Amino acid sequence: MLRAVASLSLDLKVGRVESGLTTEEALRRLARDGLNEPLPRHRPRFRMLVRRFANPLVGILVIASIASMFVGDPTDAAVILAIVTVSAVLDGVQTRRAHRAADALRESISTTATVLRDGAFVEIPRAQVVEGDVVRLSAGDLVPADVELTSSKDLHAMESALTGESLPSEKDAHGDGDAVRAWLGSSIVSGTGTGRVFATGPRTRFGGIAASLHKPPPPTEFERGLASFGAFILKTVLFLVLFVFVVTAWGKRDPLQALLFSVALAVGLTPEFLPVITTITLTRSAVRMAHQRCIVKSLAAIQDLGSVDVLCSDKTGTLTTGEMSLEAHVDPTGKTQERPLLLACVNSFFESGVENPVDAAVLRHGRLDPLDRAVLQHEHPDIHGFEKIDEMPFDFERRRVSVVVKRERAEGEEYILVTKGAPEQVLASCTEYELDGVRCVLDTEAVAQARRTLDALGAKGYRTLAVAWRPLPRRVSYGLDDERNLVLSGFIAFFDPPRADARETVETLVRRGVRTKILTGDAKAVAQHVAERVGLSSERILVGDEIDKMTDPALAHHVEQVDVFARLSPAQKTRILAALRSRGHVTGFLGDGINDAPSLHAADVGIAVAGAVDVAKEAAQVILLEPGLGVLLEGIVEGRKAFGNVLKYLLMGTSSNFGNMFSMAGAAVALPFLPMLPTQILLNNFLYDLAQVTIPTDNVDDVLVRSPRRWDIGLVRRFMAVLGPISSLYDFLTFAVLLHVLHASERAFHTGWFVESLATQTLVIFVIRTVGSPWTVAPSRPLVFSALVVVAIGMLLPYAPPLARMLGFEPLPIGYFGFLVVATGTYLYVVDRVKRRLLRHTFSS
């Protein structure tokens with residue numbers, strides 16, 4: 001609020017503030033132009049259904065069933081179409097419901113814009129900005145739309161997303177010539193400004209580019225794993241479909257029936273519910289994370305969060321409380337003095353940059369915290385008489401902020417530049433220092449003394465800033481050239497205590513397989529103090545100057561050994577993340593400032609806190625609504641649980657479903673009739689998938705969340721190669737019992753194998769779902785219910801006369817069910833024993 005009043009006052013001096021819109025007018029324009037979104041997020045109502053029918057295999061099946069209808073077999077055609085349609089509708093409903101939940105979560109952390117409505121500046125969601133709105137911009141903001149600037153002060157915007165330029169562009173709204181504009185898709189890195197919106201949404205410059213070049217974001221590791229699995233499945237499906245079709249057609253069976261059988265077999269092989277299972281699983285995890293105050297902007301980021309094995313974090317607000325208190329204000333010799341505090345108060349009071357804990361601590365300590373800044377400026381004994389003339393905003397090259405103020409004194413007007421910033425940068429610009437009001441030359445001994453004072457403050461864990469000043473002549477404007485020949489007044493020291501739970505959380509992360517590293521711009525001594533308090537090794541600390549001298553291979557070697565990095569620039573943080581990724585690590589980066597945006601992009605998972613600037617929140621995939629690493633730890637565990645549940649579905653498909661399909665291919669060759677009718681295959685597959693919809697509700701084995709998990713397509717192949725044939729052996733045993741013991745007819749054979757295959761491939765979930773014994777972790781009630789109900793339906797269908805006749809079933813002898821119980825029980829026992837051997841190496845703790 002203090003910043004808002006100061007910025008508005010500055011606007012009145014350097015430019016003009018136009019009248020804004022009324023709420024009613026804004027609503028009319030919003031209804032006319034739509035939301036301020038560069039690309040519409042609207043999903044066509046039937047897209048999910050169309051996508052399901054667009055599956056090539058399903059498309060062939062539908063065409064073949066239509067052909068079957070025309071050649072005189074309408075019953076089979078109707079059953080096939082009904083099963084496919086119900087499956088598609090179920091897919092669409094579940095996926096749409098999951099997307100709605102995900103959209104609601106994203107809305108809760110949407111970025112905002114400061115606009116002039118009804119005569120007052122207010123914050124509104126960026127999507128509600130309309131043409132004609134007057135917006136205010138300051139460092140850390142994302143430009144909410146295309147804006148024509150009416151006033152600016154040292155305003156610089158990063159426009160690399162639009163222009164490719166790596167350096168910020170200056171936006172001077174007071175020069176002659178063309179109108180100065182700021183564009184949607186850019187961010188403000190320094191200064192302040194106001195302007196009027198002239199284009200929103202798809203009509204913006206960014207919207208035009210996005211519409212013509214819109215591409216999905218690069219695939220995440222999880223998505224790449226799914227794609228790899230999909231390619232593997234496709235190759236297997238194509239081979240089996242061609243093989244079975246050729247064999248069945250060569251056996252002089254009806255070609256249309258052979259085609260239907262082959263395509264139905266392919267549909268049975270394809271885990272078509274994998275997108276549904278994945279989406280529901282990740283959405284449920286996202287909702288649980290939201291309840292724990294951790295919001296994900298992208299569902300895929302949940303699993304990537306679970307894969308993180310190195311977490312890089314700035315210390316403020318995560319390892320520390322983020323609640324800074326000013327603990328000392330001393331001269332260059334370390335003696336407590338009021339002069340550095342007064343100058344710091346003047347600097348923080350008039351500075352108009354991003355709200356930050358340092359300035360808040362200075363203002364609190366100087367009793368400058370009331371909201372009415374205008375009254376304070378005239379009545380407070382320390383600030384009384386000062387008037388702001390100009391400002392040189394903070395940037396990450398100079399690492400300081402300066403204000404020029406005027407004060408009336410008995411001898412006349414006095415103009416002073418007051419600088420506050422990183423000690424190294426401020427000291428380098430000083431030529432004098434002051435002690436007890438006396439200015440002295442800053443010689444070598446004085447510099448050494450100042451550094452000893454800094455070291456002493458750093459040893460106490462204080463974050464220290466230098467305060468300097470210089471007199472200036474009266475001029476129309478001032479600039480960065482005035483930040484020289486400064487007089488060092490002293491230092492102000494802050495303490496940000498480590499969080500009470502930081503050490504325990506860091507140790508828990510280590511036990512969960514995640515190393516924590518500190519990447520901070522603070523001094524080495526401050527970083528070392530915090531590291532020691534939270535249990536991180538500080539025997540070796542790398543600083544930015546050392547990193548600049550290293551080659552990338554050398555840095556990649558050192559990042560494995562070092563846990564604390566200090567005095568880093570944004571580029572150096574990005575290099576560290578790149579080095580970690582080059583060593584095969586999955587990295588998470590936690591930041592909240594403008595300078596953290598590049599690192600949030602560079603990490604596998606960017607994480608921002610709720611109080612982060614808009615640029616950081618936009619760059620991040622995960623937003624923490626509470627400070628500290630405890631919330632993030634819960635998110636990491638949820639990511640691993642999501643991966644574990646998706647893995648269950650995949651391993652089930654490879655252990656039983658594939659085995660059944662291999663059995664069908666073999667039986668199609670050996671038997672004089674089709675082992676199962678196309679409609680029965682589709683029904684079997686539909687019921688099986690229906691039972692698996694509840695997998696996202698299941699409890700997860702602790703072994704699966706104990707350490708980071710990454711996609712292992714080799715594990716899936718091993719399951720298929722080993723457990724698939726085991727499933728086929730039990731199928732062939734069922735064939736033998738049906739043909740040679742029960743002497744089953746063709747319809748009875750179809751019925752008996754339908755029931756056995758459905759029972760084994762559905763119930764195997766209770767074995768596959770854990771790494772160890774099936775009873776180590778209790779299954780969820782919905783999973784138990786869905787699995788048992790589906791098996792019961794499969795067993796009762798032959799005894800429902802109308803459905804049985806339509807589907808080609810007939811009642812089975814009671815003796816068959818005795819065999820079914822024994823066969824299913826022994827199959828699950830064998831799979832459990834083999835599964836443990838297969839998973840022993842992958843999930844060894």
# chains A, B, ... in the order shown; residues from 1 in each chain; ligands from 1

call {"tool": "residues_around", "arguments": {"residues": "Val705 (chain A)", "least_positions_apart": "2", "cutoff": "10 Å", "atoms": "only C-alpha atoms", "output": "count of residues only"}}
result
21

call {"tool": "atom_distance", "arguments": {"atom1": "CA of Phe261 (chain A)", "atom2": "CA of Ile814 (chain A)"}}
result
29.1 Å

call {"tool": "atom_distance", "arguments": {"atom1": "CA of His743 (chain A)", "atom2": "CA of Arg805 (chain A)"}}
result
20.3 Å

call {"tool": "closest_atom_pairs", "arguments": {"of": "region 756-831 of chain A", "to": "region 722-732 of chain A", "cutoff": "10 Å", "atoms": "only C-alpha atoms", "output": "JSON lines"}}
result
{"residue": "A:Glu756", "atom": "CA", "partner": "A:Asp731", "partner_atom": "CA", "distance": 7.9}
{"residue": "A:Ser757", "atom": "CA", "partner": "A:Asp731", "partner_atom": "CA", "distance": 7.3}
{"residue": "A:Thr760", "atom": "CA", "partner": "A:Ser727", "partner_atom": "CA", "distance": 8.3}
{"residue": "A:Gln761", "atom": "CA", "partner": "A:Ser727", "partner_atom": "CA", "distance": 8.5}
{"residue": "A:Ala823", "atom": "CA", "partner": "A:Tyr730", "partner_atom": "CA", "distance": 7.2}
{"residue": "A:Thr824", "atom": "CA", "partner": "A:Tyr730", "partner_atom": "CA", "distance": 8.6}
{"residue": "A:Thr826", "atom": "CA", "partner": "A:Tyr730", "partner_atom": "CA", "distance": 9.4}
{"residue": "A:Tyr827", "atom": "CA", "partner": "A:Tyr730", "partner_atom": "CA", "distance": 7.2}
{"residue": "A:Leu828", "atom": "CA", "partner": "A:Ser727", "partner_atom": "CA", "distance": 9.7}
{"residue": "A:Val830", "atom": "CA", "partner": "A:Ile726", "partner_atom": "CA", "distance": 8.3}
{"residue": "A:Val831", "atom": "CA", "partner": "A:Leu723", "partner_atom": "CA", "distance": 6.9}

call {"tool": "select_by_dssp", "arguments": {"residues": "region 585-668 of chain A", "states": "strand (DSSP E or B)", "output": "ChimeraX atom specification"}}
result
/A:587-591,605-609,622-624

call {"tool": "atom_distance", "arguments": {"atom1": "CA of Ala120 (chain A)", "atom2": "CA of Lys617 (chain A)"}}
result
25.3 Å

call {"tool": "residues_around", "arguments": {"residues": "Ser663 (chain A)", "least_positions_apart": "2", "cutoff": "12 Å", "atoms": "only C-alpha atoms", "output": "ChimeraX atom specification"}}
result
/A:240,244,265,269,656-661,665-671,674-676,724-735,753,757

call {"tool": "residues_around", "arguments": {"residues": "region 595-612 of chain A", "least_positions_apart": "3", "cutoff": "7 Å", "atoms": "only C-alpha atoms", "output": "ChimeraX atom specification"}}
result
/A:301,304-305,570,573-574,577,586-592,615-617,619-627

call {"tool": "write_last_selection", "arguments": {"atoms": "C-alpha atoms", "output": "CSV table (one decimal), in the first residue's frame"}}
result
chain,number,residue,atom,x,y,z
A,301,ALA,CA,4.4,-31.3,-13.2
A,304,ASP,CA,8.0,-34.5,-12.4
A,305,LEU,CA,7.9,-33.1,-8.8
A,570,PRO,CA,20.7,-15.1,-12.1
A,573,LYS,CA,22.1,-19.9,-10.8
A,574,THR,CA,21.0,-21.1,-14.2
A,577,LEU,CA,20.9,-26.0,-12.6
A,586,VAL,CA,16.0,-34.1,-11.9
A,587,THR,CA,16.1,-30.6,-10.5
A,588,GLY,CA,13.6,-28.4,-8.7
A,589,PHE,CA,14.2,-24.7,-8.1
A,590,LEU,CA,12.3,-22.6,-5.5
A,591,GLY,CA,12.4,-18.8,-6.0
A,592,ASP,CA,10.2,-15.8,-5.7
A,615,VAL,CA,7.1,-13.0,-13.3
A,616,ALA,CA,8.2,-15.8,-10.9
A,617,LYS,CA,4.7,-17.2,-10.5
A,619,ALA,CA,7.5,-19.1,-14.8
A,620,ALA,CA,6.8,-21.7,-12.1
A,621,GLN,CA,4.8,-24.9,-12.5
A,622,VAL,CA,4.2,-25.2,-8.7
A,623,ILE,CA,3.0,-22.5,-6.3
A,624,LEU,CA,3.4,-22.9,-2.5
A,625,LEU,CA,0.7,-21.1,-0.6
A,626,GLU,CA,2.6,-21.4,2.6
A,627,PRO,CA,6.3,-20.7,3.4

call {"tool": "residues_around", "arguments": {"residues": "region 440-442 of chain A", "least_positions_apart": "3", "cutoff": "10 Å", "atoms": "only C-alpha atoms", "output": "PyMOL selection string"}}
result
chain A and resi 427+430-435+437+445-448+450+486-488

call {"tool": "write_last_selection", "arguments": {"atoms": "all heavy atoms", "output": "JSON list (two decimals), in the first residue's frame"}}
result
[["chain", "number", "residue", "atom", "x", "y", "z"],
["A", 427, "LEU", "N", 30.63, -0.17, -1.88],
["A", 427, "LEU", "CA", 32.00, 0.20, -1.49],
["A", 427, "LEU", "C", 32.83, 0.60, -2.71],
["A", 427, "LEU", "O", 33.64, 1.53, -2.65],
["A", 427, "LEU", "CB", 32.67, -0.97, -0.78],
["A", 427, "LEU", "CG", 32.47, -1.06, 0.74],
["A", 427, "LEU", "CD1", 33.04, -2.36, 1.28],
["A", 427, "LEU", "CD2", 33.15, 0.12, 1.42],
["A", 430, "CYS", "N", 32.46, 4.23, -3.53],
["A", 430, "CYS", "CA", 32.73, 5.20, -2.46],
["A", 430, "CYS", "C", 34.18, 5.70, -2.52],
["A", 430, "CYS", "O", 35.11, 4.92, -2.79],
["A", 430, "CYS", "CB", 32.46, 4.59, -1.09],
["A", 430, "CYS", "SG", 30.72, 4.27, -0.75],
["A", 431, "THR", "N", 34.35, 6.97, -2.24],
["A", 431, "THR", "CA", 35.70, 7.57, -2.12],
["A", 431, "THR", "C", 35.92, 8.15, -0.73],
["A", 431, "THR", "O", 37.05, 8.50, -0.38],
["A", 431, "THR", "CB", 35.89, 8.68, -3.17],
["A", 431, "THR", "OG1", 34.85, 9.65, -3.02],
["A", 431, "THR", "CG2", 35.85, 8.11, -4.58],
["A", 432, "GLU", "N", 34.84, 8.25, 0.07],
["A", 432, "GLU", "CA", 34.95, 8.78, 1.42],
["A", 432, "GLU", "C", 34.09, 7.95, 2.36],
["A", 432, "GLU", "O", 33.25, 7.17, 1.93],
["A", 432, "GLU", "CB", 34.48, 10.25, 1.46],
["A", 432, "GLU", "CG", 35.34, 11.22, 0.68],
["A", 432, "GLU", "CD", 34.79, 12.63, 0.76],
["A", 432, "GLU", "OE1", 33.85, 12.94, 0.00],
["A", 432, "GLU", "OE2", 35.29, 13.41, 1.60],
["A", 433, "TYR", "N", 34.29, 8.16, 3.67],
["A", 433, "TYR", "CA", 33.41, 7.59, 4.67],
["A", 433, "TYR", "C", 33.24, 8.62, 5.77],
["A", 433, "TYR", "O", 33.99, 9.58, 5.87],
["A", 433, "TYR", "CB", 33.96, 6.27, 5.22],
["A", 433, "TYR", "CG", 35.21, 6.41, 6.06],
["A", 433, "TYR", "CD1", 35.15, 6.37, 7.46],
["A", 433, "TYR", "CD2", 36.47, 6.56, 5.47],
["A", 433, "TYR", "CE1", 36.30, 6.48, 8.24],
["A", 433, "TYR", "CE2", 37.61, 6.68, 6.23],
["A", 433, "TYR", "CZ", 37.52, 6.63, 7.62],
["A", 433, "TYR", "OH", 38.66, 6.75, 8.39],
["A", 434, "GLU", "N", 32.23, 8.41, 6.62],
["A", 434, "GLU", "CA", 31.98, 9.38, 7.67],
["A", 434, "GLU", "C", 31.97, 8.71, 9.04],
["A", 434, "GLU", "O", 31.46, 7.59, 9.19],
["A", 434, "GLU", "CB", 30.67, 10.13, 7.44],
["A", 434, "GLU", "CG", 29.42, 9.28, 7.41],
["A", 434, "GLU", "CD", 28.15, 10.11, 7.18],
["A", 434, "GLU", "OE1", 28.26, 11.35, 7.07],
["A", 434, "GLU", "OE2", 27.06, 9.51, 7.12],
["A", 435, "LEU", "N", 32.55, 9.40, 10.02],
["A", 435, "LEU", "CA", 32.55, 8.97, 11.41],
["A", 435, "LEU", "C", 32.14, 10.15, 12.28],
["A", 435, "LEU", "O", 32.80, 11.21, 12.22],
["A", 435, "LEU", "CB", 33.95, 8.48, 11.85],
["A", 435, "LEU", "CG", 34.46, 7.17, 11.21],
["A", 435, "LEU", "CD1", 35.87, 6.89, 11.68],
["A", 435, "LEU", "CD2", 33.55, 6.01, 11.58],
["A", 437, "GLY", "N", 29.93, 12.33, 11.93],
["A", 437, "GLY", "CA", 29.66, 13.53, 11.16],
["A", 437, "GLY", "C", 30.85, 14.09, 10.44],
["A", 437, "GLY", "O", 30.73, 15.12, 9.75],
["A", 445, "GLU", "N", 43.33, 1.31, 4.42],
["A", 445, "GLU", "CA", 43.08, 0.89, 5.79],
["A", 445, "GLU", "C", 41.61, 1.01, 6.14],
["A", 445, "GLU", "O", 41.02, 0.15, 6.81],
["A", 445, "GLU", "CB", 43.92, 1.74, 6.75],
["A", 445, "GLU", "CG", 43.67, 1.42, 8.22],
["A", 445, "GLU", "CD", 43.89, -0.05, 8.58],
["A", 445, "GLU", "OE1", 44.75, -0.69, 7.95],
["A", 445, "GLU", "OE2", 43.16, -0.55, 9.45],
["A", 446, "ALA", "N", 40.97, 2.10, 5.67],
["A", 446, "ALA", "CA", 39.55, 2.27, 5.95],
["A", 446, "ALA", "C", 38.71, 1.19, 5.27],
["A", 446, "ALA", "O", 37.73, 0.69, 5.85],
["A", 446, "ALA", "CB", 39.10, 3.66, 5.49],
["A", 447, "VAL", "N", 39.07, 0.82, 4.05],
["A", 447, "VAL", "CA", 38.37, -0.27, 3.36],
["A", 447, "VAL", "C", 38.53, -1.58, 4.11],
["A", 447, "VAL", "O", 37.58, -2.35, 4.29],
["A", 447, "VAL", "CB", 38.87, -0.41, 1.91],
["A", 447, "VAL", "CG1", 38.30, -1.67, 1.27],
["A", 447, "VAL", "CG2", 38.50, 0.82, 1.08],
["A", 448, "ALA", "N", 39.77, -1.85, 4.59],
["A", 448, "ALA", "CA", 40.02, -3.07, 5.35],
["A", 448, "ALA", "C", 39.18, -3.10, 6.62],
["A", 448, "ALA", "O", 38.64, -4.14, 7.01],
["A", 448, "ALA", "CB", 41.50, -3.19, 5.67],
["A", 450, "ALA", "N", 36.31, -1.54, 7.09],
["A", 450, "ALA", "CA", 34.91, -1.75, 6.70],
["A", 450, "ALA", "C", 34.65, -3.24, 6.41],
["A", 450, "ALA", "O", 33.59, -3.77, 6.79],
["A", 450, "ALA", "CB", 34.58, -0.91, 5.49],
["A", 486, "LEU", "N", 30.83, 8.42, -3.72],
["A", 486, "LEU", "CA", 29.89, 8.38, -2.61],
["A", 486, "LEU", "C", 30.62, 8.45, -1.26],
["A", 486, "LEU", "O", 31.82, 8.11, -1.17],
["A", 486, "LEU", "CB", 29.05, 7.11, -2.67],
["A", 486, "LEU", "CG", 28.21, 6.89, -3.94],
["A", 486, "LEU", "CD1", 27.48, 5.56, -3.86],
["A", 486, "LEU", "CD2", 27.23, 8.03, -4.15],
["A", 487, "VAL", "N", 29.86, 8.80, -0.24],
["A", 487, "VAL", "CA", 30.37, 8.82, 1.13],
["A", 487, "VAL", "C", 29.74, 7.64, 1.88],
["A", 487, "VAL", "O", 28.51, 7.57, 2.02],
["A", 487, "VAL", "CB", 30.02, 10.14, 1.85],
["A", 487, "VAL", "CG1", 30.56, 10.13, 3.28],
["A", 487, "VAL", "CG2", 30.54, 11.33, 1.08],
["A", 488, "LEU", "N", 30.56, 6.71, 2.33],
["A", 488, "LEU", "CA", 30.05, 5.54, 3.04],
["A", 488, "LEU", "C", 29.60, 5.96, 4.44],
["A", 488, "LEU", "O", 30.41, 6.41, 5.25],
["A", 488, "LEU", "CB", 31.13, 4.46, 3.14],
["A", 488, "LEU", "CG", 30.74, 3.19, 3.90],
["A", 488, "LEU", "CD1", 29.61, 2.44, 3.18],
["A", 488, "LEU", "CD2", 31.96, 2.27, 4.08]]

call {"tool": "select_by_dssp", "arguments": {"residues": "region 380-592 of chain A", "states": "helix (DSSP H, G or I)", "output": "PyMOL selection string"}}
result
chain A and resi 423-428+444-459+480-482+502-511+524-534+544-548+552-561+570-582

call {"tool": "residues_around", "arguments": {"residues": "Pro144 (chain A)", "least_positions_apart": "6", "cutoff": "8 Å", "atoms": "only C-alpha atoms", "output": "ChimeraX atom specification"}}
result
/A:112-113,126,129,184-185

call {"tool": "write_last_selection", "arguments": {"atoms": "C-alpha atoms", "output": "tab-separated table (two decimals), in the first residue's frame"}}
result
chain	number	residue	atom	x	y	z
A	112	THR	CA	-3.22	-10.17	-11.35
A	113	ALA	CA	-3.01	-6.66	-12.78
A	126	ARG	CA	-5.31	-10.54	-15.52
A	129	VAL	CA	-8.42	-6.66	-18.00
A	184	LEU	CA	1.62	-8.63	-23.37
A	185	GLY	CA	4.22	-11.36	-22.92
